[in-house]
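As stored in work-v4.pdb (PDB, C-alpha atoms):
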ATOM      1  CA  MET M   1      90.023  52.853 155.684
ATOM      2  CA  ILE M   2      88.561  49.614 154.365
ATOM      3  CA  GLN M   3      89.610  46.235 155.772
ATOM      4  CA  ALA M   4      91.434  45.240 152.578
ATOM      5  CA  GLU M   5      93.694  48.303 152.939
ATOM      6  CA  LYS M   6      94.401  47.383 156.570
ATOM      7  CA  ASP M   7      95.264  43.854 155.422
ATOM      8  CA  ALA M   8      97.588  45.181 152.706
ATOM      9  CA  MET M   9      99.333  47.468 155.212
ATOM     10  CA  LYS M  10      99.743  44.563 157.657
ATOM     11  CA  LEU M  11     101.258  42.436 154.886
ATOM     12  CA  PHE M  12     103.689  45.250 153.936
ATOM     13  CA  ASP M  13     104.535  45.669 157.628
ATOM     14  CA  ASN M  14     105.358  41.963 157.970
ATOM     15  CA  ILE M  15     107.544  42.077 154.863
ATOM     16  CA  GLY M  16     109.246  45.216 156.173
ATOM     17  CA  LYS M  17     109.961  43.523 159.514
ATOM     18  CA  SER M  18     111.763  40.735 157.675
ATOM     19  CA  TYR M  19     114.167  43.478 156.474
ATOM     20  CA  GLY M  20     114.466  45.015 159.938
ATOM     21  CA  THR M  21     112.088  47.894 159.233
ATOM     22  CA  ASP M  22     109.940  49.254 162.050
ATOM     23  CA  SER M  23     106.142  49.438 161.743
ATOM     24  CA  LEU M  24     106.000  53.215 161.376
ATOM     25  CA  THR M  25     108.355  53.089 158.384
ATOM     26  CA  SER M  26     106.312  50.298 156.774
ATOM     27  CA  ASN M  27     103.045  52.134 157.449
ATOM     28  CA  ILE M  28     104.316  55.380 155.933
ATOM     29  CA  ILE M  29     105.564  53.589 152.831
ATOM     30  CA  SER M  30     102.254  51.689 152.546
ATOM     31  CA  ILE M  31     100.215  54.876 152.815
ATOM     32  CA  ILE M  32     102.284  56.678 150.174
ATOM     33  CA  TYR M  33     102.363  53.665 147.850
ATOM     34  CA  LEU M  34      98.644  52.875 148.075
ATOM     35  CA  GLU M  35      97.450  56.459 147.533
ATOM     36  CA  PRO M  36      96.732  57.133 143.855
ATOM     37  CA  GLU M  37      97.772  60.780 144.282
ATOM     38  CA  ALA M  38     100.432  62.527 146.351
ATOM     39  CA  VAL M  39      99.608  62.506 150.066
ATOM     40  CA  SER M  40     100.419  65.280 152.547
ATOM     41  CA  LEU M  41     102.606  64.858 155.602
ATOM     42  CA  ASP M  42      99.610  66.049 157.642
ATOM     43  CA  GLU M  43      97.475  63.217 156.278
ATOM     44  CA  ILE M  44     100.200  60.645 157.037
ATOM     45  CA  ALA M  45     100.518  61.998 160.599
ATOM     46  CA  LYS M  46      96.742  61.819 161.053
ATOM     47  CA  ARG M  47      96.506  58.253 159.705
ATOM     48  CA  THR M  48      99.436  56.904 161.726
ATOM     49  CA  GLY M  49      98.719  58.779 164.958
ATOM     50  CA  TYR M  50     102.246  60.215 165.088
ATOM     51  CA  SER M  51     103.210  63.877 165.291
ATOM     52  CA  LEU M  52     104.071  65.840 162.172
ATOM     53  CA  ALA M  53     107.649  66.203 163.465
ATOM     54  CA  SER M  54     107.996  62.424 163.908
ATOM     55  CA  ILE M  55     106.631  61.797 160.425
ATOM     56  CA  SER M  56     108.925  64.419 158.912
ATOM     57  CA  ASN M  57     111.990  62.889 160.593
ATOM     58  CA  LYS M  58     111.008  59.377 159.538
ATOM     59  CA  ILE M  59     110.449  60.531 155.938
ATOM     60  CA  LYS M  60     114.030  61.851 155.840
ATOM     61  CA  GLN M  61     115.240  58.339 156.744
ATOM     62  CA  ILE M  62     112.910  56.636 154.280
ATOM     63  CA  GLU M  63     114.047  58.880 151.420
ATOM     64  CA  LEU M  64     117.524  57.359 151.734
ATOM     65  CA  PHE M  65     116.295  53.982 150.498
ATOM     66  CA  ALA M  66     112.791  54.309 149.068
ATOM     67  CA  PRO M  67     111.844  56.011 145.790
ATOM     68  CA  ILE M  68     109.672  58.712 147.332
ATOM     69  CA  ARG M  69     109.314  62.111 145.683
ATOM     70  CA  ARG M  70     108.389  65.368 147.378
ATOM     71  CA  VAL M  71     105.692  67.202 145.474
ATOM     72  CA  LYS M  72     104.454  70.795 145.769
ATOM     73  CA  LYS M  73     100.876  71.650 144.896
ATOM     74  CA  PRO M  74     100.018  75.095 143.561
ATOM     75  CA  GLY M  75      98.629  77.368 146.261
ATOM     76  CA  SER M  76      99.624  75.071 149.120
ATOM     77  CA  LYS M  77     102.530  75.334 151.526
ATOM     78  CA  LYS M  78     102.146  71.697 152.538
ATOM     79  CA  THR M  79     104.623  69.013 151.549
ATOM     80  CA  TYR M  80     103.181  66.091 149.634
ATOM     81  CA  LEU M  81     104.796  62.747 148.929
ATOM     82  CA  PHE M  82     104.380  60.421 145.985
ATOM     83  CA  MET M  83     105.769  57.008 145.072
ATOM     84  CA  GLU M  84     105.715  55.333 141.668
ATOM     85  CA  LYS M  85     103.129  52.591 141.576
ATOM     86  CA  GLY M  86     104.785  50.184 139.163
ATOM     87  CA  MET M  87     106.889  47.617 140.981
ATOM     88  CA  PHE M  88     109.276  47.618 138.027
ATOM     89  CA  LYS M  89     109.872  51.372 138.288
ATOM     90  CA  VAL M  90     110.321  51.113 142.049
ATOM     91  CA  PHE M  91     112.827  48.277 141.624
ATOM     92  CA  LYS M  92     114.823  50.170 138.974
ATOM     93  CA  THR M  93     114.910  53.299 141.112
ATOM     94  CA  GLN M  94     116.072  51.354 144.162
ATOM     95  CA  MET M  95     118.781  49.597 142.155
ATOM     96  CA  LYS M  96     120.051  52.901 140.778
ATOM     97  CA  LYS M  97     120.035  54.450 144.248
ATOM     98  CA  HIS M  98     121.837  51.419 145.734
ATOM     99  CA  ARG M  99     124.501  51.598 143.039
ATOM    100  CA  GLU M 100     124.947  55.348 143.440
ATOM    101  CA  ILE M 101     125.107  55.324 147.258
ATOM    102  CA  LYS M 102     127.051  52.109 147.889
ATOM    103  CA  VAL M 103     128.714  50.596 144.842
ATOM    104  CA  VAL M 104     130.135  53.707 143.154
ATOM    105  CA  PRO M 105     131.852  55.029 146.332
ATOM    106  CA  LEU M 106     133.281  51.569 147.054
ATOM    107  CA  LYS M 107     134.713  51.308 143.547
ATOM    108  CA  LYS M 108     136.147  54.799 143.818
ATOM    109  CA  HIS M 109     137.763  54.635 147.279
ATOM    110  CA  LEU M 110     138.480  50.986 148.015
ATOM    111  CA  PRO M 111     141.441  50.593 145.592
ATOM    112  CA  GLN M 112     143.403  53.317 147.410
ATOM    113  CA  ILE M 113     142.530  51.850 150.801
ATOM    114  CA  ILE M 114     143.745  48.431 149.623
ATOM    115  CA  LYS M 115     146.933  49.984 148.274
ATOM    116  CA  ASP M 116     147.523  51.735 151.622
ATOM    117  CA  TYR M 117     146.727  48.547 153.513
ATOM    118  CA  LYS M 118     149.356  46.663 151.486
ATOM    119  CA  LYS M 119     151.983  49.292 152.248
ATOM    120  CA  GLN M 120     151.170  49.443 155.957
ATOM    121  CA  ALA M 121     150.517  45.751 156.647
ATOM    122  CA  LYS M 122     153.268  44.374 158.863
ATOM    123  CA  THR M 123     151.615  41.488 160.674
ATOM    124  CA  GLU M 124     150.133  38.340 159.203
ATOM    125  CA  LYS M 125     146.749  39.433 160.514
ATOM    126  CA  ASP M 126     146.976  42.749 158.597
ATOM    127  CA  LYS M 127     147.965  40.869 155.437
ATOM    128  CA  LYS M 128     144.895  38.641 155.814
ATOM    129  CA  LYS M 129     142.741  41.741 156.199
ATOM    130  CA  THR M 130     144.231  43.062 152.958
ATOM    131  CA  LYS M 131     143.218  39.835 151.211
ATOM    132  CA  ILE M 132     139.697  40.159 152.616
ATOM    133  CA  LEU M 133     139.428  43.700 151.236
ATOM    134  CA  GLU M 134     140.804  42.616 147.867
ATOM    135  CA  GLN M 135     138.209  39.856 147.613
ATOM    136  CA  TYR M 136     135.491  42.262 148.694
ATOM    137  CA  TYR M 137     136.533  44.671 145.938
ATOM    138  CA  LYS M 138     136.436  41.878 143.342
ATOM    139  CA  ASP M 139     132.945  40.956 144.534
ATOM    140  CA  VAL M 140     131.853  44.608 144.302
ATOM    141  CA  GLU M 141     133.114  44.768 140.716
ATOM    142  CA  LYS M 142     131.252  41.567 139.781
ATOM    143  CA  PHE M 143     128.108  42.800 141.506
ATOM    144  CA  ASP M 144     128.344  46.135 139.692
ATOM    145  CA  LYS M 145     128.639  44.400 136.319
ATOM    146  CA  ILE M 146     125.541  42.342 137.084
ATOM    147  CA  MET M 147     123.617  45.411 138.275
ATOM    148  CA  SER M 148     124.653  47.433 135.223
ATOM    149  CA  LYS M 149     123.515  44.659 132.869
ATOM    150  CA  MET M 150     120.219  44.333 134.736
ATOM    151  CA  LEU M 151     119.601  48.072 134.618
ATOM    152  CA  LYS M 152     120.302  48.145 130.871
ATOM    153  CA  ARG M 153     117.890  45.269 130.327
ATOM    154  CA  LEU M 154     115.245  46.949 132.474
ATOM    155  CA  GLU M 155     115.391  50.282 130.632
ATOM    156  CA  GLY M 156     112.182  50.821 128.772
ATOM    157  CA  THR M 157     110.683  47.598 130.091
ATOM    158  CA  GLU M 158     107.287  47.734 131.778
ATOM    159  CA  TRP M 159     104.865  45.069 132.918
ATOM    160  CA  LYS M 160     101.774  45.111 130.785
TER     161      LYS M 160
END

Would you put the structure from the file into structure tokens?
Amino acid sequence: MIQAEKDAMKLFDNIGKSYGTDSLTSNIISIIYLEPEAVSLDEIAKRTGYSLASISNKIKQIELFAPIRRVKKPGSKKTYLFMEKGMFKVFKTQMKKHREIKVVPLKKHLPQIIKDYKKQAKTEKDKKKTKILEQYYKDVEKFDKIMSKMLKRLEGTEWK
């Protein structure tokens, strides 16, 4: 590995730490992102110094938030991973995933919870909690509108 790659990985690690990400997670993402082609789990384990089992478990966590794809290569039983290289594509994918995992379930389930809270709230404290949830739901709706508009504007847009 050349020094510039080490420097890039260190930079990604520092950025990841600002989001509360551990170094192994940042290193795995860096390796997958910087490789022009899909990279095997074996190669990631070798480059990080961690066991294949540790890498496999960490990948399962990373897949929840990062746009990583599992790829099969003809004639190989190994698992390979690939990540889009365009920051724009990565951003769009993450926004869609965030909306699907967090925003959509909140919009679906929170209204009934608020309704139940209103029926069950007896104390002043419970009524204040209801107001907090109502405001949270309004914020979720506003955020979803903004995200939806952004995603529409981003469709078909690429940096040239």

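Coordinates place CA of Met9 in chain M at a distance of 13.3 Å from CA of Ile44 in chain M.
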
Checklist entry - Which is closest to Lys128 in chain M among M:Lys107, M:Ile114, M:Pro74, M:Met147, if we use all atoms listed in the file? => result M:Ile114

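The gap separating CA of Gln94 in chain M from CA of Ala66 in chain M is 6.6 Å, in Å to one decimal.
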
Checklist entry - What separation in Å, quoted to one decimal, exists between CA of Lys108 in chain M and CA of Glu63 in chain M? => result 23.7 Å

Selection near Ile28 in chain M, 12 Å with all atoms listed in the file, sequence-local residues under 4 positions removed, as a PDB file with C-alpha atoms, in the coordinates of the input:
ATOM      1  CA  MET M   9      99.333  47.468 155.212  1.00  0.00           C
ATOM      2  CA  LYS M  10      99.743  44.563 157.657  1.00  0.00           C
ATOM      3  CA  PHE M  12     103.689  45.250 153.936  1.00  0.00           C
ATOM      4  CA  ASP M  13     104.535  45.669 157.628  1.00  0.00           C
ATOM      5  CA  GLY M  16     109.246  45.216 156.173  1.00  0.00           C
ATOM      6  CA  THR M  21     112.088  47.894 159.233  1.00  0.00           C
ATOM      7  CA  ASP M  22     109.940  49.254 162.050  1.00  0.00           C
ATOM      8  CA  SER M  23     106.142  49.438 161.743  1.00  0.00           C
ATOM      9  CA  LEU M  24     106.000  53.215 161.376  1.00  0.00           C
ATOM     10  CA  ILE M  32     102.284  56.678 150.174  1.00  0.00           C
ATOM     11  CA  TYR M  33     102.363  53.665 147.850  1.00  0.00           C
ATOM     12  CA  LEU M  34      98.644  52.875 148.075  1.00  0.00           C
ATOM     13  CA  GLU M  35      97.450  56.459 147.533  1.00  0.00           C
ATOM     14  CA  VAL M  39      99.608  62.506 150.066  1.00  0.00           C
ATOM     15  CA  SER M  40     100.419  65.280 152.547  1.00  0.00           C
ATOM     16  CA  LEU M  41     102.606  64.858 155.602  1.00  0.00           C
ATOM     17  CA  ASP M  42      99.610  66.049 157.642  1.00  0.00           C
ATOM     18  CA  GLU M  43      97.475  63.217 156.278  1.00  0.00           C
ATOM     19  CA  ILE M  44     100.200  60.645 157.037  1.00  0.00           C
ATOM     20  CA  ALA M  45     100.518  61.998 160.599  1.00  0.00           C
ATOM     21  CA  LYS M  46      96.742  61.819 161.053  1.00  0.00           C
ATOM     22  CA  ARG M  47      96.506  58.253 159.705  1.00  0.00           C
ATOM     23  CA  THR M  48      99.436  56.904 161.726  1.00  0.00           C
ATOM     24  CA  GLY M  49      98.719  58.779 164.958  1.00  0.00           C
ATOM     25  CA  TYR M  50     102.246  60.215 165.088  1.00  0.00           C
ATOM     26  CA  SER M  54     107.996  62.424 163.908  1.00  0.00           C
ATOM     27  CA  ILE M  55     106.631  61.797 160.425  1.00  0.00           C
ATOM     28  CA  SER M  56     108.925  64.419 158.912  1.00  0.00           C
ATOM     29  CA  ASN M  57     111.990  62.889 160.593  1.00  0.00           C
ATOM     30  CA  LYS M  58     111.008  59.377 159.538  1.00  0.00           C
ATOM     31  CA  ILE M  59     110.449  60.531 155.938  1.00  0.00           C
ATOM     32  CA  LYS M  60     114.030  61.851 155.840  1.00  0.00           C
ATOM     33  CA  GLN M  61     115.240  58.339 156.744  1.00  0.00           C
ATOM     34  CA  ILE M  62     112.910  56.636 154.280  1.00  0.00           C
ATOM     35  CA  GLU M  63     114.047  58.880 151.420  1.00  0.00           C
ATOM     36  CA  ALA M  66     112.791  54.309 149.068  1.00  0.00           C
ATOM     37  CA  ILE M  68     109.672  58.712 147.332  1.00  0.00           C
ATOM     38  CA  LEU M  81     104.796  62.747 148.929  1.00  0.00           C
ATOM     39  CA  PHE M  82     104.380  60.421 145.985  1.00  0.00           C
ATOM     40  CA  MET M  83     105.769  57.008 145.072  1.00  0.00           C
TER      41      MET M  83
END

Item to check | Exercise: residues within 12 Å of coordinate (130.5, 40.4, 145.7), counting all atoms listed in the file, as a ChimeraX atom specification | outcome: /M:103,106-107,132-147

Checklist entry - Using the chain letters and numbers from the file, which residues does the PyMOL selection byres ((chain M and resi 117) around 10) grab, as number ranges by chain? => result M: 111-116, 118-122, 126-127, 129-131, 133

Item to check | Given the PyMOL selection byres ((chain M and resi 85) around 12), the residues it picks as a count of residues only | outcome: 24

As JSON, please: the centre and edge lengths in Å, to one decimal, of an axis-aligned box enclosing every listed atom of range 15-30 of chain M with 3 Å added on each side.
{"center_x": 108.4, "center_y": 48.1, "center_z": 157.3, "size_x": 18.2, "size_y": 20.6, "size_z": 15.5}
